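**Student:** Input file: model_4.csv. Contents: CSV, C-alpha atoms and all ligand atoms.
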chain,number,residue,atom,x,y,z
I,56,MET,CA,-0.9,5.9,-36.8
I,57,VAL,CA,1.2,4.3,-34.1
I,58,ASN,CA,2.3,7.8,-33.0
I,59,THR,CA,-1.3,8.9,-32.6
I,60,ALA,CA,-2.1,5.9,-30.5
I,61,ILE,CA,0.8,6.7,-28.2
I,62,GLN,CA,-0.2,10.3,-27.9
I,63,GLN,CA,-3.7,9.4,-27.1
I,64,GLU,CA,-2.6,7.0,-24.5
I,65,GLN,CA,-0.4,9.7,-22.9
I,66,ALA,CA,-3.3,12.1,-22.9
I,67,HIS,CA,-5.2,9.8,-20.7
I,68,LYS,CA,-2.5,9.5,-18.1
I,69,VAL,CA,-3.5,11.8,-15.3
I,70,LEU,CA,0.0,11.6,-13.8
I,71,SER,CA,3.4,10.7,-15.3
I,72,VAL,CA,6.5,11.0,-13.2
I,73,ASN,CA,9.6,10.4,-15.4
I,74,ALA,CA,13.0,9.7,-14.0
I,75,LEU,CA,12.4,12.0,-11.1
I,76,ILE,CA,15.5,12.9,-9.0
I,77,LYS,CA,15.4,14.9,-5.8
I,78,SER,CA,18.5,15.8,-3.8
I,79,TYR,CA,19.1,17.7,-0.7
I,80,GLY,CA,22.6,19.1,-0.6
I,81,GLY,CA,24.6,16.2,-2.0
I,82,ALA,CA,22.2,13.4,-0.9
I,83,ASP,CA,19.9,11.8,-3.5
I,84,ILE,CA,16.6,11.1,-1.8
I,85,LEU,CA,14.7,10.1,-4.9
I,86,LYS,CA,16.9,8.2,-7.4
I,87,SER,CA,15.2,8.3,-10.8
I,88,VAL,CA,11.6,7.4,-9.9
I,89,SER,CA,9.2,6.7,-12.8
I,90,VAL,CA,5.6,6.0,-12.3
I,91,ASP,CA,2.3,6.8,-14.0
I,92,MET,CA,-1.4,6.5,-13.4
I,93,ASP,CA,-4.6,6.5,-15.3
I,94,GLU,CA,-7.7,8.5,-14.6
I,95,GLY,CA,-9.6,7.0,-11.6
I,96,ASP,CA,-6.5,5.2,-10.3
I,97,PHE,CA,-6.0,5.1,-6.6
I,98,LEU,CA,-2.2,5.0,-6.4
I,99,VAL,CA,-0.7,4.1,-3.0
I,100,LEU,CA,2.9,4.9,-2.1
I,101,VAL,CA,4.2,2.6,0.6
I,102,GLY,CA,7.6,2.0,2.1
I,103,PRO,CA,9.5,2.3,5.4
I,104,SER,CA,10.0,5.6,7.2
I,105,GLY,CA,12.4,7.9,5.4
I,106,CYS,CA,12.2,6.1,2.0
I,107,GLY,CA,11.0,9.2,0.2
I,108,LYS,CA,7.2,8.9,0.1
I,109,SER,CA,6.4,12.4,1.2
I,110,THR,CA,9.2,13.8,-0.9
I,111,LEU,CA,7.7,12.2,-4.0
I,112,LEU,CA,4.3,13.5,-3.1
I,113,ASN,CA,5.6,17.0,-2.4
I,114,CYS,CA,7.4,17.0,-5.8
I,115,ILE,CA,4.2,16.1,-7.5
I,116,ALA,CA,2.4,18.9,-5.6
I,117,GLY,CA,5.2,21.4,-6.4
I,118,LEU,CA,5.9,22.0,-2.7
I,119,GLU,CA,9.4,20.7,-3.4
I,120,GLU,CA,11.3,21.4,-6.6
I,121,ALA,CA,12.5,18.4,-8.6
I,122,THR,CA,16.3,18.2,-9.0
I,123,GLY,CA,15.9,16.2,-12.3
I,124,GLY,CA,13.3,14.5,-14.4
I,125,GLN,CA,9.8,15.5,-15.3
I,126,ILE,CA,6.3,15.5,-13.9
I,127,LEU,CA,3.3,15.6,-16.2
I,128,ILE,CA,-0.2,16.2,-14.8
I,129,ASP,CA,-3.0,15.5,-17.3
I,130,GLY,CA,-0.5,15.5,-20.1
I,131,ARG,CA,0.9,18.9,-19.2
I,132,ASP,CA,4.5,19.4,-18.1
I,133,VAL,CA,4.3,20.9,-14.6
I,134,THR,CA,7.8,20.3,-13.4
I,135,ARG,CA,8.5,24.1,-13.0
I,136,VAL,CA,4.9,25.1,-12.5
I,137,PRO,CA,3.9,26.5,-9.0
I,138,PRO,CA,1.6,24.4,-6.8
I,139,ARG,CA,-1.5,26.6,-7.3
I,140,ASP,CA,-1.4,26.1,-11.1
I,141,ARG,CA,-1.1,22.3,-11.0
I,142,ASP,CA,-4.8,21.5,-10.6
I,143,ILE,CA,-4.2,19.4,-7.5
I,144,ALA,CA,-5.7,19.3,-4.0
I,145,MET,CA,-3.8,18.0,-1.1
I,146,VAL,CA,-4.8,16.6,2.3
I,147,PHE,CA,-2.0,16.3,4.8
I,148,GLN,CA,-1.4,14.3,7.9
I,149,SER,CA,-2.2,17.3,10.1
I,150,TYR,CA,-5.2,18.7,8.3
I,151,ALA,CA,-4.9,22.2,9.7
I,152,LEU,CA,-8.4,23.8,9.6
I,153,TYR,CA,-9.0,27.5,10.2
I,154,PRO,CA,-10.1,27.5,13.9
I,155,THR,CA,-12.1,30.7,13.8
I,156,MET,CA,-14.1,29.7,10.7
I,157,THR,CA,-17.1,27.4,10.7
I,158,VAL,CA,-17.1,24.1,8.9
I,159,ALA,CA,-18.9,25.6,5.9
I,160,GLU,CA,-16.4,28.5,5.7
I,161,ASN,CA,-13.5,26.1,5.9
I,162,ILE,CA,-14.8,24.0,3.1
I,163,ALA,CA,-15.6,27.1,0.9
I,164,PHE,CA,-12.5,29.0,1.7
I,165,GLY,CA,-10.6,28.0,-1.5
I,166,MET,CA,-13.6,28.9,-3.6
I,167,LYS,CA,-13.9,32.2,-1.9
I,168,ILE,CA,-10.3,33.0,-2.7
I,169,ARG,CA,-10.9,32.1,-6.3
I,170,LYS,CA,-14.0,34.3,-6.4
I,171,VAL,CA,-16.4,31.5,-7.2
I,172,PRO,CA,-20.0,33.0,-7.2
I,173,LYS,CA,-21.6,32.8,-3.7
I,174,GLU,CA,-24.4,30.5,-4.8
I,175,GLU,CA,-22.1,28.0,-6.4
I,176,GLN,CA,-20.0,28.1,-3.2
I,177,GLN,CA,-23.0,27.2,-1.1
I,178,ARG,CA,-24.3,24.5,-3.5
I,179,LYS,CA,-20.9,22.8,-3.7
I,180,THR,CA,-20.3,23.0,0.0
I,181,ARG,CA,-23.7,21.4,0.7
I,182,GLU,CA,-23.2,18.7,-1.9
I,183,VAL,CA,-19.8,17.7,-0.5
I,184,ALA,CA,-20.9,17.9,3.1
I,185,GLN,CA,-23.8,15.6,2.3
I,186,MET,CA,-21.5,13.1,0.6
I,187,LEU,CA,-19.2,13.2,3.7
I,188,GLN,CA,-22.1,13.1,6.1
I,189,ILE,CA,-21.1,16.3,7.8
I,190,ASP,CA,-24.0,18.4,6.6
I,191,HIS,CA,-25.4,18.7,10.1
I,192,LEU,CA,-22.1,20.2,11.3
I,193,LEU,CA,-21.7,23.1,8.8
I,194,ASP,CA,-22.2,25.8,11.5
I,195,ARG,CA,-19.8,24.4,14.0
I,196,LYS,CA,-16.2,25.4,14.6
I,197,PRO,CA,-13.4,22.8,14.2
I,198,SER,CA,-12.9,22.8,18.0
I,199,GLN,CA,-16.4,21.3,18.4
I,200,LEU,CA,-15.7,18.3,16.1
I,201,SER,CA,-14.2,14.9,16.7
I,202,GLY,CA,-11.0,13.9,15.0
I,203,GLY,CA,-12.8,12.0,12.3
I,204,GLN,CA,-15.2,14.8,11.6
I,205,ARG,CA,-12.3,17.2,11.3
I,206,GLN,CA,-10.7,14.8,8.9
I,207,ARG,CA,-13.8,14.8,6.8
I,208,VAL,CA,-13.9,18.6,6.7
I,209,ALA,CA,-10.3,18.6,5.4
I,210,MET,CA,-11.4,16.2,2.7
I,211,GLY,CA,-14.4,18.3,1.9
I,212,ARG,CA,-12.1,21.2,1.4
I,213,ALA,CA,-10.1,19.2,-1.1
I,214,LEU,CA,-13.2,17.7,-2.8
I,215,VAL,CA,-14.9,21.0,-3.6
I,216,ARG,CA,-11.9,22.0,-5.7
I,217,GLU,CA,-12.6,19.1,-8.2
I,218,PRO,CA,-9.0,19.0,-9.1
I,219,VAL,CA,-7.5,16.6,-11.7
I,220,LEU,CA,-5.5,14.9,-9.0
I,221,PHE,CA,-5.8,14.5,-5.2
I,222,LEU,CA,-2.7,14.0,-3.1
I,223,PHE,CA,-3.1,12.5,0.4
I,224,ASP,CA,-0.1,12.2,2.8
I,225,GLU,CA,-1.0,9.8,5.6
I,226,PRO,CA,-4.4,11.4,6.2
I,227,LEU,CA,-5.5,8.9,8.8
I,228,SER,CA,-2.4,8.6,10.9
I,229,ASN,CA,-3.6,10.9,13.6
I,230,LEU,CA,-6.8,9.0,14.2
I,231,ASP,CA,-7.4,6.2,16.7
I,232,ALA,CA,-7.6,2.6,15.4
I,233,LYS,CA,-11.4,2.4,15.2
I,234,LEU,CA,-11.8,5.7,13.5
I,235,ARG,CA,-9.0,4.8,11.0
I,236,VAL,CA,-11.0,1.8,10.0
I,237,GLU,CA,-14.2,3.8,9.5
I,238,MET,CA,-12.4,6.5,7.6
I,239,ARG,CA,-10.6,4.0,5.4
I,240,ALA,CA,-14.0,2.5,4.4
I,241,GLU,CA,-15.3,6.0,3.7
I,242,ILE,CA,-12.4,7.0,1.5
I,243,HIS,CA,-12.8,3.7,-0.3
I,244,HIS,CA,-16.5,4.5,-0.8
I,245,LEU,CA,-15.7,8.0,-1.9
I,246,HIS,CA,-13.3,6.9,-4.5
I,247,LYS,CA,-15.8,4.4,-5.9
I,248,GLN,CA,-18.5,7.1,-6.0
I,249,THR,CA,-16.4,9.9,-7.6
I,250,ASN,CA,-13.8,7.9,-9.6
I,251,ALA,CA,-11.3,10.6,-8.5
I,252,SER,CA,-7.6,10.1,-9.3
I,253,ILE,CA,-5.7,9.9,-6.0
I,254,VAL,CA,-2.1,9.5,-4.9
I,255,TYR,CA,-2.1,8.3,-1.3
I,256,VAL,CA,0.9,8.0,1.0
I,257,THR,CA,0.7,5.6,3.9
I,258,HIS,CA,2.9,3.2,5.8
I,259,ASP,CA,-0.1,1.2,6.8
I,260,GLN,CA,-0.2,-1.9,4.6
I,261,ILE,CA,-3.8,-2.6,5.2
I,262,GLU,CA,-4.7,0.8,3.9
I,263,ALA,CA,-2.4,0.1,0.9
I,264,MET,CA,-4.0,-3.2,0.2
I,265,THR,CA,-7.7,-2.2,0.7
I,266,LEU,CA,-7.6,1.3,-1.0
I,267,GLY,CA,-5.1,1.0,-3.8
I,268,THR,CA,-5.8,0.0,-7.4
I,269,LYS,CA,-2.1,0.3,-7.9
I,270,ILE,CA,0.6,0.1,-5.2
I,271,VAL,CA,4.1,1.5,-5.5
I,272,VAL,CA,6.6,0.1,-3.0
I,273,LEU,CA,9.5,2.5,-2.3
I,274,ARG,CA,12.8,1.7,-0.6
I,275,ASP,CA,15.5,4.2,-0.1
I,276,GLY,CA,14.4,6.4,-3.0
I,277,HIS,CA,14.1,3.5,-5.4
I,278,ILE,CA,10.9,1.8,-6.7
I,279,GLN,CA,10.9,-1.8,-5.7
I,280,GLN,CA,7.7,-2.9,-7.4
I,281,VAL,CA,4.5,-1.4,-9.0
I,282,GLY,CA,1.5,-3.6,-9.2
I,283,THR,CA,-2.1,-4.3,-8.1
I,284,PRO,CA,-2.5,-5.2,-4.4
I,285,GLN,CA,-2.9,-8.9,-5.5
I,286,GLN,CA,0.3,-8.9,-7.5
I,287,ILE,CA,2.3,-7.2,-4.7
I,288,TYR,CA,0.9,-9.8,-2.3
I,289,ASP,CA,1.1,-12.9,-4.4
I,290,GLU,CA,4.1,-12.2,-6.5
I,291,PRO,CA,6.4,-9.9,-4.6
I,292,ALA,CA,9.2,-8.8,-7.0
I,293,ASN,CA,11.9,-9.3,-4.3
I,294,MET,CA,12.5,-10.3,-0.7
I,295,PHE,CA,12.1,-6.7,0.5
I,296,VAL,CA,8.6,-6.4,-0.8
I,297,ALA,CA,7.7,-10.0,0.4
I,298,ASN,CA,8.8,-9.0,3.9
I,299,PHE,CA,7.2,-5.6,3.8
I,300,MET,CA,3.7,-6.5,2.9
I,301,GLY,CA,1.7,-8.8,5.3
I,302,THR,CA,1.4,-9.2,9.0
I,303,PRO,CA,3.1,-11.3,10.2
I,304,PRO,CA,5.3,-11.1,7.1
I,305,MET,CA,6.0,-13.9,4.7
I,306,ASN,CA,8.3,-16.5,6.0
I,307,LEU,CA,11.6,-16.3,4.1
I,308,LEU,CA,13.6,-19.5,4.7
I,309,PRO,CA,16.6,-21.1,3.1
I,310,ALA,CA,16.0,-24.4,1.3
I,311,ARG,CA,17.9,-26.9,-0.7
I,312,VAL,CA,16.3,-27.9,-4.0
I,313,GLU,CA,16.1,-31.5,-5.3
I,314,LEU,CA,14.2,-32.2,-8.5
I,315,SER,CA,12.3,-35.5,-8.4
I,316,ASP,CA,9.5,-37.2,-10.3
I,317,ALA,CA,7.0,-35.9,-7.8
I,318,GLY,CA,8.1,-32.4,-8.4
I,319,VAL,CA,10.5,-30.3,-6.3
I,320,LEU,CA,11.6,-31.5,-2.9
I,321,LEU,CA,12.7,-28.7,-0.7
I,322,GLU,CA,14.8,-29.3,2.4
I,323,VAL,CA,13.9,-26.2,4.4
I,324,CYS,CA,16.1,-24.9,7.2
I,325,GLY,CA,18.5,-27.8,7.3
I,326,PRO,CA,18.4,-31.2,9.1
I,327,ASN,CA,16.2,-29.9,12.0
I,328,GLY,CA,13.8,-28.1,9.6
I,329,PHE,CA,11.2,-29.6,7.4
I,330,THR,CA,10.4,-30.8,3.9
I,331,LEU,CA,8.1,-29.3,1.3
I,332,VAL,CA,7.0,-30.9,-1.9
I,333,ASP,CA,6.0,-28.6,-4.8
I,334,SER,CA,4.6,-30.5,-7.8
I,335,ARG,CA,4.3,-27.3,-9.8
I,336,ALA,CA,7.7,-25.7,-9.4
I,337,THR,CA,9.9,-27.9,-11.6
I,338,GLU,CA,10.1,-25.5,-14.5
I,339,ARG,CA,10.8,-22.5,-12.2
I,340,LEU,CA,13.5,-24.2,-10.2
I,341,ARG,CA,15.2,-26.2,-13.0
I,342,ASP,CA,18.4,-24.1,-12.7
I,343,TYR,CA,18.6,-24.6,-8.9
I,344,GLN,CA,19.0,-28.4,-8.7
I,345,ASP,CA,21.2,-29.1,-5.6
I,346,LYS,CA,21.4,-25.4,-4.9
I,347,GLU,CA,19.8,-23.1,-2.3
I,348,VAL,CA,16.8,-20.9,-2.8
I,349,VAL,CA,14.8,-18.8,-0.4
I,350,VAL,CA,11.3,-20.2,0.1
I,351,GLY,CA,8.5,-17.6,0.7
I,352,LEU,CA,5.6,-19.0,2.6
I,353,ARG,CA,2.8,-16.8,3.9
I,354,PRO,CA,1.8,-17.5,7.6
I,355,GLU,CA,-1.8,-18.1,6.5
I,356,ALA,CA,-0.7,-20.8,4.0
I,357,LEU,CA,-0.1,-23.1,7.0
I,358,HIS,CA,-2.9,-25.1,8.4
I,359,PRO,CA,-3.3,-27.8,11.1
I,360,TYR,CA,-2.4,-31.1,9.5
I,361,ARG,CA,-5.4,-33.5,8.8
I,362,GLU,CA,-4.4,-36.9,7.8
I,363,ALA,CA,-7.4,-37.4,5.5
I,364,ARG,CA,-6.9,-34.2,3.6
I,365,HIS,CA,-3.1,-33.5,3.4
I,366,ASP,CA,-0.5,-36.0,2.2
I,367,HIS,CA,2.4,-34.3,3.8
I,368,ALA,CA,3.0,-33.0,7.3
I,369,ILE,CA,5.5,-30.5,8.7
I,370,HIS,CA,6.5,-31.6,12.3
I,371,LEU,CA,8.1,-28.9,14.4
I,372,PRO,CA,8.2,-27.8,18.0
I,373,VAL,CA,6.2,-24.8,19.0
I,374,ALA,CA,8.4,-22.0,20.3
I,375,ASN,CA,5.8,-19.3,20.9
I,376,VAL,CA,2.0,-18.8,20.8
I,377,GLU,CA,0.1,-15.5,20.7
I,378,SER,CA,-3.7,-15.4,20.5
I,379,SER,CA,-5.5,-12.2,19.3
I,380,GLY,CA,-8.9,-13.7,19.7
I,381,SER,CA,-9.6,-14.1,16.0
I,382,ASP,CA,-6.2,-15.6,15.2
I,383,THR,CA,-3.6,-17.7,16.8
I,384,PHE,CA,-0.1,-16.8,15.8
I,385,VAL,CA,2.3,-19.7,16.3
I,386,GLN,CA,6.1,-19.6,15.9
I,387,LEU,CA,7.7,-23.0,15.3
I,388,GLN,CA,11.3,-23.7,15.7
I,389,ALA,CA,12.9,-24.9,12.4
I,390,GLY,CA,16.6,-25.4,12.9
I,391,GLU,CA,17.9,-22.0,13.8
I,392,HIS,CA,15.0,-20.3,12.1
I,393,ARG,CA,11.4,-19.5,13.1
I,394,LEU,CA,8.4,-20.4,11.0
I,395,ASN,CA,5.4,-18.2,11.6
I,396,ALA,CA,1.9,-19.7,11.2
I,397,ARG,CA,-1.4,-18.0,11.4
I,398,LEU,CA,-4.1,-20.4,12.6
I,399,GLY,CA,-7.7,-20.0,13.6
I,400,GLY,CA,-8.6,-18.3,16.9
I,401,ARG,CA,-9.6,-21.5,18.7
I,402,SER,CA,-6.6,-23.5,17.8
I,403,ARG,CA,-5.3,-25.4,20.9
I,404,VAL,CA,-1.5,-25.1,20.7
I,405,ALA,CA,0.9,-25.3,23.6
I,406,GLU,CA,4.4,-23.9,23.7
I,407,GLY,CA,7.1,-26.6,23.8
I,408,GLU,CA,5.0,-29.3,22.2
I,409,PRO,CA,5.3,-30.6,18.7
I,410,LEU,CA,2.8,-29.5,16.1
I,411,ALA,CA,1.9,-31.0,12.7
I,412,LEU,CA,1.1,-28.5,10.0
I,413,ALA,CA,0.3,-28.7,6.3
I,414,ALA,CA,1.4,-26.1,3.8
I,415,GLU,CA,-0.8,-24.8,1.0
I,416,MET,CA,1.5,-24.7,-1.9
I,417,ASP,CA,-0.5,-22.6,-4.3
I,418,HIS,CA,1.2,-19.3,-3.6
I,419,VAL,CA,4.6,-20.4,-2.5
I,420,CYS,CA,7.3,-18.0,-3.8
I,421,TYR,CA,11.0,-18.7,-4.5
I,422,PHE,CA,13.7,-16.1,-4.4
I,423,ASP,CA,17.3,-16.2,-5.5
I,424,PRO,CA,19.5,-15.9,-2.4
I,425,GLN,CA,22.1,-13.8,-4.1
I,426,THR,CA,19.9,-11.3,-6.1
I,427,GLU,CA,16.9,-11.6,-3.6
I,428,LEU,CA,14.7,-11.4,-6.8
I,429,LEU,CA,11.6,-13.5,-7.3
I,430,ILE,CA,12.2,-16.6,-9.4
I,431,LYS,CA,9.5,-16.6,-12.0
E,501,LIG,N1,14.3,19.4,3.7
E,501,LIG,C1,15.1,18.3,3.8
E,501,LIG,N2,16.5,18.4,3.8
E,501,LIG,C2,17.2,17.3,3.9
E,501,LIG,N3,16.8,16.0,3.9
E,501,LIG,C3,15.4,15.9,3.9
E,501,LIG,C4,14.5,17.0,3.8
E,501,LIG,N4,13.3,16.5,3.8
E,501,LIG,C5,13.4,15.2,3.8
E,501,LIG,N5,14.7,14.8,3.9
E,501,LIG,C6,15.2,13.4,4.0
E,501,LIG,O1,14.7,12.7,2.9
E,501,LIG,C7,14.4,11.4,3.2
E,501,LIG,C8,13.0,11.0,2.8
E,501,LIG,O2,12.1,11.8,3.6
E,501,LIG,P1,10.5,11.6,3.4
E,501,LIG,O3,9.9,12.6,4.3
E,501,LIG,O4,10.2,11.7,2.0
E,501,LIG,O5,10.3,10.2,4.0
E,501,LIG,P2,8.9,9.4,4.1
E,501,LIG,O6,9.0,8.1,3.3
E,501,LIG,O7,7.7,10.3,3.9
E,501,LIG,O8,9.0,8.9,5.7
E,501,LIG,P3,7.8,8.9,6.8
E,501,LIG,O9,7.1,7.5,6.6
E,501,LIG,O10,8.6,8.8,8.1
E,501,LIG,O11,6.9,10.0,6.6
E,501,LIG,C9,14.6,11.2,4.7
E,501,LIG,O12,15.9,10.6,4.9
E,501,LIG,C10,14.7,12.7,5.2
E,501,LIG,O13,15.5,12.8,6.3
E,502,MG,MG,6.2,11.1,5.1
Show me, as structure tokens, the structure contained in the file I just sent.
**Tutor:**
Amino acid sequence: MVNTAIQQEQAHKVLSVNALIKSYGGADILKSVSVDMDEGDFLVLVGPSGCGKSTLLNCIAGLEEATGGQILIDGRDVTRVPPRDRDIAMVFQSYALYPTMTVAENIAFGMKIRKVPKEEQQRKTREVAQMLQIDHLLDRKPSQLSGGQRQRVAMGRALVREPVLFLFDEPLSNLDAKLRVEMRAEIHHLHKQTNASIVYVTHDQIEAMTLGTKIVVLRDGHIQQVGTPQQIYDEPANMFVANFMGTPPMNLLPARVELSDAGVLLEVCGPNGFTLVDSRATERLRDYQDKEVVVGLRPEALHPYREARHDHAIHLPVANVESSGSDTFVQLQAGEHRLNARLGGRSRVAEGEPLALAAEMDHVCYFDPQTELLIK
């Protein structure tokens, strides 16, 4: 009975990567990576350049051979199966279209190779082109398209295949900022509409946060955390993840812990720093009495101090101010550290002057300074 339940659950996994190892020469690039996804999941792989995102995607696609471990697609072991038999479609960063073919021919090319009947080819091409809003461009050549339109053709080519799994490797990285935002919204919409299962590589954390139903953070061939965007943002498993997700990143500052009746008193950044009071962290920080922790405070958790509303102010000198129009990014000097705050666009803040801020304590994180792990 239990066995059947497990088998059934596995059958619904559209992708399972088990203890995957990939080495080039003697160097391990992926060091026992395990991850799985359900049908309809939008799995985003993020991490710094060189951490192994493309390598992992290429192993799933079969473009690279796994050195060890196992890859299942739709419950089938495909570890040694060639790419064309894996039931996947891939969209790369450089979405090479055939320059001499029209948009319609580009989209239909894979179906033609597979000898899909002509009528079905035309019907599917039209359907997908409508969905991607390129149906008016079907007779054009790629050279007559904008970057975003070409991108959509590349996606159309993948979509008509109706594979079990879509693999995207930084598909938006060649587009300008405005087009990226538009295409991001379109991919989001497309995923909602089709409920396709997608693995998506990016180093853009906004793409990761807005598109992903599940995010995998990779570092140096190791998985750091797997979670929903909210979990990754609010409860980063360690200081690396905390620092990686968010712009500006989470403030990670040393603090001394003192347990009191009011909760936990945190002496942050030494004598020239500031004090925080956390009434809800007593349980979490019980073992850290008189010891150091690392406080994780998001820049947007800091607000201008208002006497009537906040009972506790942070007073620090302003070291640097940058305004982006919509936001004012302020760096405050806290001992030898800098505290980043993200304030409203019309904040009047001057460099060199003191500023009073209040910290929203709802999502403050604490990390162990030795292990760098989140204290739960
Ligand atoms: N064919 C290869 N031979 C040897 N080393 C390789 C090969 N391909 C990739 N690597 C190395 O593997 C590591 C991971 O590369 P990968 O392309 O997966 O990184 P990535 O996370 O996709 O980075 P980026 O964000 O820059 O695209 C890098 O250190 C890279 O130099
Ligand atoms: Mg890459």
**Student:** Would you write out, as CSV, a table of all residues in chain I that have an atom no more than 12 Å from an atom of ligand LIG 501 (chain E), listing for each the closest atom pair and the distance in Å to one decimal, considering all atoms listed in the file and ordering rows by chain and rising residue number?
**Tutor:**
residue,atom,partner,partner_atom,distance
I:Ile76,CA,E:LIG501,O1,11.9
I:Lys77,CA,E:LIG501,O1,9.0
I:Ser78,CA,E:LIG501,N3,7.9
I:Tyr79,CA,E:LIG501,C2,5.0
I:Gly80,CA,E:LIG501,C2,7.3
I:Gly81,CA,E:LIG501,C2,9.5
I:Ala82,CA,E:LIG501,N3,7.7
I:Asp83,CA,E:LIG501,O1,8.3
I:Ile84,CA,E:LIG501,O1,5.3
I:Leu85,CA,E:LIG501,C8,7.9
I:Lys86,CA,E:LIG501,C8,11.3
I:Leu100,CA,E:LIG501,O6,8.8
I:Val101,CA,E:LIG501,O6,7.8
I:Gly102,CA,E:LIG501,O6,6.4
I:Pro103,CA,E:LIG501,O9,5.9
I:Ser104,CA,E:LIG501,O9,3.5
I:Gly105,CA,E:LIG501,O5,3.4
I:Cys106,CA,E:LIG501,O6,4.0
I:Gly107,CA,E:LIG501,O4,3.2
I:Lys108,CA,E:LIG501,O6,3.8
I:Ser109,CA,E:LIG501,O7,3.7
I:Thr110,CA,E:LIG501,O4,3.7
I:Leu111,CA,E:LIG501,O4,6.5
I:Leu112,CA,E:LIG501,O4,8.0
I:Asn113,CA,E:LIG501,O4,8.3
I:Cys114,CA,E:LIG501,O4,9.8
I:Leu118,CA,E:LIG501,N1,10.9
I:Glu119,CA,E:LIG501,N1,8.7
I:Glu120,CA,E:LIG501,N1,10.9
I:Phe147,CA,E:LIG501,O11,11.1
I:Gln148,CA,E:LIG501,O11,9.4
I:Phe223,CA,E:LIG501,O7,11.6
I:Asp224,CA,E:LIG501,O7,8.1
I:Glu225,CA,E:LIG501,O11,8.0
I:Pro226,CA,E:LIG501,O11,11.4
I:Ser228,CA,E:LIG501,O11,10.3
I:Tyr255,CA,E:LIG501,O7,11.3
I:Val256,CA,E:LIG501,O7,7.7
I:Thr257,CA,E:LIG501,O9,7.2
I:His258,CA,E:LIG501,O9,6.1
I:Asp259,CA,E:LIG501,O9,9.6
I:Val272,CA,E:LIG501,O6,10.5
I:Leu273,CA,E:LIG501,O6,7.9
I:Arg274,CA,E:LIG501,O6,8.4
I:Asp275,CA,E:LIG501,C8,7.8
I:Gly276,CA,E:LIG501,C8,7.5
I:His277,CA,E:LIG501,O6,11.1
I:Ile278,CA,E:LIG501,O6,12.0
**Student:** Do you know which residues are at most 10 Å from I:Pro218 counting all atoms listed in the file, after dropping those on the same chain fewer than 2 positions away, and could you put them as a PDB file with C-alpha atoms, in the coordinates of the input?
**Tutor:**
ATOM      1  CA  ARG I 141      -1.100  22.300 -11.000  1.00  0.00           C
ATOM      2  CA  ASP I 142      -4.800  21.500 -10.600  1.00  0.00           C
ATOM      3  CA  ILE I 143      -4.200  19.400  -7.500  1.00  0.00           C
ATOM      4  CA  ALA I 144      -5.700  19.300  -4.000  1.00  0.00           C
ATOM      5  CA  MET I 145      -3.800  18.000  -1.100  1.00  0.00           C
ATOM      6  CA  ALA I 213     -10.100  19.200  -1.100  1.00  0.00           C
ATOM      7  CA  LEU I 214     -13.200  17.700  -2.800  1.00  0.00           C
ATOM      8  CA  VAL I 215     -14.900  21.000  -3.600  1.00  0.00           C
ATOM      9  CA  ARG I 216     -11.900  22.000  -5.700  1.00  0.00           C
ATOM     10  CA  LEU I 220      -5.500  14.900  -9.000  1.00  0.00           C
ATOM     11  CA  PHE I 221      -5.800  14.500  -5.200  1.00  0.00           C
ATOM     12  CA  ALA I 251     -11.300  10.600  -8.500  1.00  0.00           C
ATOM     13  CA  SER I 252      -7.600  10.100  -9.300  1.00  0.00           C
TER      14      SER I 252
END
**Student:** Mind checking which residues fall within 10 Å of I:Asn298, counting only C-alpha atoms, ignoring those fewer than 6 positions away in the same chain, and posting them as a list of chain:residue names?
**Tutor:**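 Close residues of I:Asn298: I:Pro291, I:Pro304, I:Met305, I:Asn306, I:Leu307, I:Gly351, I:Arg353.
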**Student:** Output the selection as a short mmCIF file (atom, residue, chain, number, x, y, z; two decimals), keeping the file's coordinate frame - C-alpha atoms for each residue.
**Tutor:**
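selection17.cif was written with the following content:
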data_model
loop_
_atom_site.label_atom_id
_atom_site.label_comp_id
_atom_site.auth_asym_id
_atom_site.auth_seq_id
_atom_site.Cartn_x
_atom_site.Cartn_y
_atom_site.Cartn_z
CA PRO I 291 6.40 -9.90 -4.60
CA PRO I 304 5.30 -11.10 7.10
CA MET I 305 6.00 -13.90 4.70
CA ASN I 306 8.30 -16.50 6.00
CA LEU I 307 11.60 -16.30 4.10
CA GLY I 351 8.50 -17.60 0.70
CA ARG I 353 2.80 -16.80 3.90
#
**Student:** Determine, counting all atoms listed in the file, which protein, DNA and RNA residues have an atom within 9 Å of an atom of I:Ser89; residues of the same chain fewer than 4 positions away are not included. Present the result as a PyMOL selection string.
**Tutor:** chain I and resi 71-75+124+278
**Student:** For a test of reading the model, state the distance in Å between atom CA of I:Thr265 and atom CA of I:His191, rounded to one decimal.
**Tutor:** 29.0 Å
**Student:** Contacts of stretch 90-97 of chain I at 7 Å or less, counting only C-alpha atoms, minus same-chain residues fewer than 2 places along, as a VMD selection string?
**Tutor:** chain I and resid 67 to 73 88 99 250 to 254 266 to 269
**Student:** Mind giving me the straight-line distance from atom CA of I:Arg235 to atom CA of I:Gly203 in Å, one decimal?
**Tutor:**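 Going from atom CA of I:Arg235 over to atom CA of I:Gly203 covers 8.2 Å.
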**Student:** Could you write out as AutoDock Vina command-line options the box around stretch 200-219 of chain I (axis-aligned, all atoms listed in the file, 3 Å on each side), with centre and edge lengths in Å to one decimal?
**Tutor:**
--center_x -11.6 --center_y 17.0 --center_z 2.5 --size_x 14.2 --size_y 16.0 --size_z 34.4
**Student:** Return as a tab-separated table the residues of stretch 260-330 of chain I lying at most 7 Å from stretch 387-395 of chain I, together with the closest atom-to-atom pair for each and the distance in Å to one decimal, counting all atoms listed in the file, with rows in chain order and ascending residue number.
**Tutor:**
residue	atom	partner	partner_atom	distance
I:Asn306	CA	I:Leu394	CA	6.3
I:Cys324	CA	I:Gly390	CA	5.7
I:Gly325	CA	I:Gly390	CA	6.4
I:Asn327	CA	I:Gly390	CA	4.6
I:Gly328	CA	I:Ala389	CA	4.3
